[in-house]
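Peer 1: Provided below: entry-v6.txt, containing compact mmCIF, C-alpha atoms.
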```txt
# COMPACT_ATOMS: atom_id res chain seq x y z
CA MET V 391 0.48 -9.30 -17.80
CA PRO V 392 1.17 -5.72 -16.67
CA ASP V 393 -1.33 -3.07 -17.77
CA ARG V 394 0.87 -0.58 -19.64
CA LYS V 395 -1.74 2.16 -19.53
CA LEU V 396 -2.13 1.73 -15.78
CA ALA V 397 1.65 1.69 -15.38
CA THR V 398 1.92 5.02 -17.20
CA LYS V 399 -0.78 6.56 -15.02
CA LEU V 400 0.83 5.27 -11.83
CA ALA V 401 4.11 6.81 -12.94
CA SER V 402 2.39 10.17 -13.39
CA LEU V 403 0.91 9.87 -9.90
CA GLN V 404 4.30 9.05 -8.39
CA VAL V 405 5.58 12.45 -9.54
CA PHE V 406 3.53 14.04 -6.77
CA ASP V 407 4.75 11.51 -4.14
CA ILE V 408 1.70 11.89 -1.91
CA PRO V 409 2.70 9.01 0.44
CA HIS V 410 6.02 10.71 1.19
CA HIS V 411 4.30 14.04 1.86
CA LEU V 412 1.84 12.44 4.29
CA GLN V 413 4.59 10.41 5.97
CA CYS V 414 6.57 13.59 6.59
CA HIS V 415 3.58 15.10 8.38
CA ARG V 416 3.12 11.87 10.30
CA GLU V 417 6.72 12.07 11.47
CA THR V 418 6.33 15.72 12.52
CA ALA V 419 5.67 15.65 16.24
CA PHE V 420 3.13 18.09 17.62
CA SER V 421 4.83 20.76 19.71
CA TYR V 422 3.31 23.35 22.03
CA ASP V 423 6.34 25.49 21.25
CA ASN V 424 5.35 25.68 17.58
CA ARG V 425 2.84 28.49 17.04
CA ILE V 426 1.57 26.91 13.81
CA HIS V 427 0.81 23.66 15.64
CA VAL V 428 -0.95 25.43 18.50
CA ASN V 429 -3.00 27.55 16.09
CA LEU V 430 -4.11 24.36 14.36
CA LEU V 431 -5.12 22.90 17.72
CA ASP V 432 -7.09 26.09 18.42
CA ARG V 433 -8.84 25.69 15.07
CA LEU V 434 -9.85 22.16 16.00
CA TRP V 435 -11.56 23.31 19.19
CA ILE V 436 -13.26 26.23 17.44
CA VAL V 437 -14.67 24.13 14.59
CA ALA V 438 -15.65 21.21 16.83
CA PHE V 439 -17.19 23.27 19.65
CA PRO V 440 -18.15 26.71 18.29
CA GLN V 441 -20.54 27.13 21.21
CA LYS V 442 -17.69 26.79 23.72
CA ILE V 443 -15.21 29.26 22.25
CA ASN V 444 -15.62 31.81 25.04
CA ILE V 445 -15.88 29.25 27.82
CA PHE V 446 -12.32 28.04 27.43
CA GLU V 447 -10.12 30.80 26.04
CA ASP V 448 -6.85 28.94 26.67
CA TYR V 449 -6.31 25.61 24.92
CA ARG V 450 -4.76 24.26 28.13
CA ASP V 451 -8.02 24.81 30.03
CA ARG V 452 -10.20 22.92 27.57
CA ASN V 453 -11.55 19.47 28.27
CA TRP V 454 -10.16 17.63 25.28
CA GLY V 455 -11.75 14.47 26.60
CA ASP V 456 -14.97 15.82 25.05
CA LEU V 457 -13.38 15.07 21.67
CA GLY V 458 -12.29 11.61 22.71
CA PHE V 459 -8.66 12.26 23.57
CA GLN V 460 -7.30 9.97 26.23
CA LYS V 461 -5.79 12.83 28.23
CA GLY V 462 -8.39 15.52 28.75
CA ASN V 463 -5.83 18.27 29.26
CA ASP V 464 -3.14 17.15 26.83
CA PRO V 465 -4.28 16.04 23.36
CA ALA V 466 -0.69 16.16 22.11
CA SER V 467 0.07 12.84 23.80
CA ASP V 468 -2.48 11.12 21.52
CA PHE V 469 -0.88 12.53 18.37
CA ARG V 470 2.38 10.66 18.91
CA GLY V 471 1.40 7.78 16.63
CA LEU V 472 0.25 9.94 13.72
CA GLY V 473 2.02 13.21 14.38
CA LEU V 474 0.77 16.47 12.93
CA LEU V 475 -1.16 14.55 10.25
CA GLY V 476 -3.63 13.31 12.86
CA LEU V 477 -4.46 16.87 13.89
CA GLN V 478 -4.72 18.05 10.28
CA GLN V 479 -7.22 15.30 9.46
CA LEU V 480 -9.44 16.10 12.42
CA VAL V 481 -9.51 19.78 11.49
CA TYR V 482 -10.24 18.89 7.86
CA PHE V 483 -13.15 16.67 8.85
CA PHE V 484 -14.88 19.34 10.93
CA GLU V 485 -14.14 22.20 8.54
CA ASN V 486 -15.32 20.36 5.43
CA ARG V 487 -18.01 17.99 6.76
CA PHE V 488 -19.17 19.64 9.95
CA SER V 489 -22.60 18.01 10.01
CA SER V 490 -21.17 14.53 9.53
CA ALA V 491 -18.31 15.02 12.01
CA SER V 492 -20.68 16.44 14.63
CA SER V 493 -23.13 13.57 14.17
CA ILE V 494 -20.37 10.99 14.61
CA LEU V 495 -19.09 12.84 17.68
CA ALA V 496 -22.62 12.73 19.13
CA LEU V 497 -22.79 8.99 18.39
CA ALA V 498 -19.45 8.50 20.15
CA HIS V 499 -20.84 10.22 23.26
CA GLN V 500 -23.83 7.90 23.60
CA GLU V 501 -23.50 5.85 26.77
CA SER V 502 -24.93 2.78 25.05
CA ALA V 503 -22.52 2.99 22.11
CA TYR V 504 -19.46 4.88 23.35
CA PHE V 505 -16.17 5.02 21.44
CA PRO V 506 -13.32 7.56 21.73
CA PHE V 507 -13.81 9.89 18.76
CA ALA V 508 -10.29 11.34 18.48
CA ALA V 509 -8.55 8.03 19.13
CA THR V 510 -10.73 6.43 16.44
CA SER V 511 -9.82 9.22 14.04
CA LEU V 512 -6.13 8.51 14.58
CA SER V 513 -6.68 4.79 13.97
CA ILE V 514 -8.48 5.59 10.73
CA GLY V 515 -5.71 7.98 9.69
CA THR V 516 -3.18 5.22 10.22
CA LEU V 517 -5.35 2.83 8.21
CA VAL V 518 -5.51 5.31 5.32
CA LEU V 519 -1.71 5.45 5.20
CA THR V 520 -1.57 1.65 5.21
CA LEU V 521 -4.07 1.39 2.34
CA LEU V 522 -2.10 4.01 0.44
CA LYS V 523 1.14 2.11 0.99
CA GLU V 524 -0.54 -1.08 -0.26
CA GLY V 525 -1.56 0.71 -3.46
CA ARG V 526 -5.27 0.36 -2.68
CA LEU V 527 -6.09 4.06 -3.02
CA HIS V 528 -4.20 4.63 -6.25
CA ARG V 529 -7.23 4.20 -8.50
CA LYS V 530 -9.19 6.84 -6.58
CA LEU V 531 -6.22 9.20 -6.73
CA LEU V 532 -5.74 8.52 -10.44
CA THR V 533 -9.39 9.40 -11.08
CA ALA V 534 -8.91 12.61 -9.10
CA LEU V 535 -5.68 13.36 -10.96
CA ASP V 536 -7.37 12.96 -14.35
CA THR V 537 -10.05 15.44 -13.32
CA LEU V 538 -7.60 17.90 -11.80
CA GLN V 539 -5.39 17.93 -14.86
CA LEU V 540 -8.39 18.92 -16.97
CA PHE V 541 -9.05 22.02 -14.87
CA VAL V 542 -5.76 22.89 -13.18
CA ARG V 543 -3.52 21.64 -15.97
CA ASP V 544 0.18 22.31 -15.38
CA ASP V 545 0.07 23.84 -11.89
CA GLU V 546 1.80 20.97 -10.07
CA THR V 547 1.76 22.76 -6.71
CA GLU V 548 -2.02 23.15 -6.78
CA ILE V 549 -2.53 19.61 -8.08
CA HIS V 550 -0.37 18.29 -5.24
CA ALA V 551 -2.42 20.19 -2.65
CA LEU V 552 -5.68 18.95 -4.13
CA LEU V 553 -4.45 15.33 -4.17
CA VAL V 554 -3.58 15.63 -0.48
CA ALA V 555 -7.10 16.98 0.09
CA GLU V 556 -8.44 13.94 -1.80
CA VAL V 557 -6.65 11.65 0.67
CA HIS V 558 -8.24 13.62 3.52
CA ASN V 559 -11.63 13.13 1.84
CA ILE V 560 -10.98 9.39 1.71
CA TYR V 561 -10.20 9.54 5.44
CA CYS V 562 -13.56 11.29 6.00
CA ASP V 563 -15.37 8.68 3.89
CA ILE V 564 -13.82 5.87 5.92
CA PHE V 565 -14.68 7.55 9.23
CA GLU V 566 -18.31 7.81 8.08
CA ARG V 567 -18.23 4.16 7.05
CA PHE V 568 -16.87 3.20 10.47
CA ALA V 569 -19.67 5.11 12.19
CA SER V 570 -22.27 3.28 10.08
CA LEU V 571 -20.70 -0.06 10.94
CA TRP V 572 -20.57 0.86 14.61
CA SER V 573 -24.28 1.67 14.57
CA VAL V 574 -25.37 -1.59 12.91
CA SER V 575 -22.95 -3.87 14.79
CA ASN V 576 -24.63 -3.55 18.20
CA ALA V 577 -21.38 -2.10 19.53
CA ARG V 578 -21.67 -1.05 23.17
CA ASN V 579 -18.29 0.28 24.22
CA VAL V 580 -14.58 0.29 23.42
CA MET V 581 -14.39 -3.46 24.02
CA ASP V 582 -16.22 -3.87 20.71
CA PHE V 583 -13.79 -1.63 18.84
CA PRO V 584 -11.39 -4.37 17.63
CA ARG V 585 -14.29 -6.37 16.19
CA VAL V 586 -15.85 -3.44 14.31
CA PHE V 587 -12.56 -1.98 13.17
CA GLY V 588 -11.44 -5.39 11.93
CA ARG V 589 -14.61 -5.70 9.88
CA LEU V 590 -13.98 -2.22 8.48
CA GLN V 591 -10.47 -3.17 7.35
CA THR V 592 -11.74 -6.35 5.69
CA GLU V 593 -14.46 -4.50 3.80
CA LEU V 594 -12.09 -1.76 2.66
CA ARG V 595 -9.56 -4.25 1.30
CA GLN V 596 -12.36 -5.91 -0.64
CA THR V 597 -13.55 -2.55 -1.94
CA PHE V 598 -10.10 -1.27 -2.89
CA PRO V 599 -7.91 -3.91 -4.59
CA SER V 600 -4.24 -3.07 -4.90
CA ALA V 601 -3.50 -1.32 -8.19
CA THR V 602 0.25 -1.87 -7.76
CA HIS V 603 -0.16 -5.63 -7.33
CA GLU V 604 -2.41 -5.83 -10.35
CA ASN V 605 0.29 -4.17 -12.43
CA LYS V 606 3.05 -6.67 -11.57
```
Take the structure in this file and express it as structure tokens.

Peer 2:
Amino acid sequence: MPDRKLATKLASLQVFDIPHHLQCHRETAFSYDNRIHVNLLDRLWIVAFPQKINIFEDYRDRNWGDLGFQKGNDPASDFRGLGLLGLQQLVYFFENRFSSASSILALAHQESAYFPFAATSLSIGTLVLTLLKEGRLHRKLLTALDTLQLFVRDDETEIHALLVAEVHNIYCDIFERFASLWSVSNARNVMDFPRVFGRLQTELRQTFPSATHENK
């Protein structure tokens, strides 16, 4: 039997249409001709490698392979699957959880446990969108919405922005969980990625049941 209270809360969450917002950013292709996009790329390098700011003054001269992009001189090619959203999530991770992001980047660089950091981030970003589409993140967003409405109240624009930030925080949580799994799974290189990432997806679907399915 449908949970009427849950149905009402889900309806209130749908007003903000977070999946649509994120999908729009996913469908926005990164462009070197867009100053906003390039500035965001600059921010990524600055927050990820503050010690290298003066070494590579032009984003085109930087070795983006250090961040785990497949093309060391052209990170834009990696963003094609997740669009501008992939870049936004990487910047968010380093700006809001620098210690954690840096530690995971260091783990990714270990020869005995290598994985491509940026490419992994994009896979996790895609997974977050999938979980959101399946209704598995709705309960976390509803909890956040309840809290936000207590403090922000009727400012829908600010609530919307904070809900998007909550999705980015979920992305960060999942990236940290992946890194923990990678460490305990005796993973050696990218050949182990499908096995570890598959385990991650299984665990997340067990942790986050679908709120939309429960309400049918």

Peer 1: Which of these residues is nearest to Leu535 of chain V, using all atoms listed in the file: V:Thr597, V:Ile408, V:Ile514, V:Leu475?

Peer 2: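 Ranking V:Thr597, V:Ile408, V:Ile514, V:Leu475 by distance to Leu535 of chain V, first place goes to V:Ile408.
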
Peer 1: Grab the atom CA of Leu477 of chain V to atom CA of Ser502 of chain V distance for me, in Å with one decimal place.

Peer 2: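 According to the coordinates, atom CA of Leu477 of chain V and atom CA of Ser502 of chain V are separated by 27.2 Å.
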
Peer 1: Ala551 of chain V: which residues within 12 Å, counting only C-alpha atoms, same-chain residues fewer than 6 positions away excluded, as number ranges by chain?

Peer 2: V: 406-408, 411-412, 534-535, 538, 542, 545, 557-558

Peer 1: Between atom CA of Phe420 of chain V and atom CA of Asn444 of chain V, what is the distance in Å, rounded to a tenth?

Peer 2: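 Taking atom CA of Phe420 of chain V and atom CA of Asn444 of chain V, their separation equals 24.4 Å.
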
Peer 1: Report, in Å to a single decimal, how far apart atom CA of Ser511 of chain V and atom CA of Ile494 of chain V are.

Peer 2: 10.7 Å

Peer 1: Got a sec: who's within 6 Å of segment 458-471 of chain V, counting all atoms listed in the file, leaving out chain neighbours fewer than 3 positions off, as a PyMOL selection string?

Peer 2: chain V and resi 453-455+506-508

Peer 1: So that I can see what lies close to Asn486 of chain V, please list as a list in words the residues with an atom at most 12 Å from it, counting all atoms listed in the file and leaving out residues fewer than 2 positions away in the same chain.

Peer 2: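 So, after excluding close chain neighbours, the residues are Val437, Ala438, Gln478, Gln479, Leu480, Val481, Tyr482, Phe483, Phe484, Phe488, Ser489, Ser490, Ala491, Ser492, Ala555, Glu556, His558, Asn559, Tyr561, Cys562 and Asp563 of chain V.
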
Peer 1: Using all atoms listed in the file, which of V:Leu457, V:Ile549, V:Leu474, V:Leu521 sits nearest Ile426 of chain V?

Peer 2: V:Leu474

Peer 1: Could you give me, as JSON, numbers by chain, the residues within 12 Å of Val574 of chain V, counting all atoms listed in the file and dropping anything in the same chain fewer than 5 positions from it?

Peer 2: {"V": [503, 567, 568, 569, 586, 589]}

Peer 1: Given the choices V:His499, V:Arg595, V:His415, V:His550, which gets closest to Glu524 of chain V if the distance is worked out from only C-alpha atoms?

Peer 2: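 Of all the options, V:Arg595 lies closest to Glu524 of chain V.
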
Peer 1: Can you work out which one of V:Phe583, V:Phe439, V:Phe598, V:Tyr504 has the shortest atom-to-atom distance to Ile564 of chain V, counting all atoms listed in the file?

Peer 2: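 Selected residue with least distance to Ile564 of chain V: V:Phe598.
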
Peer 1: Using only C-alpha atoms, which residue out of V:Ser600, V:Asn429, V:Ser513, V:Ser493 lies closest to Glu566 of chain V?

Peer 2: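 Of all the options, V:Ser493 lies closest to Glu566 of chain V.
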
Peer 1: Residues within 9 Å of Asp582 of chain V, please, as a PyMOL selection string. Count all atoms listed in the file; anything in the same chain fewer than 5 positions from it doesn't count.

Peer 2: chain V and resi 505+572+575-577+587

Peer 1: Between V:Asp451, V:Gln500, V:Val554, V:Leu517, which residue has the minimum interatomic distance to Gly588 of chain V, considering all atoms listed in the file?

Peer 2: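 Looking at the shortest contact to Gly588 of chain V, the residue is V:Leu517.
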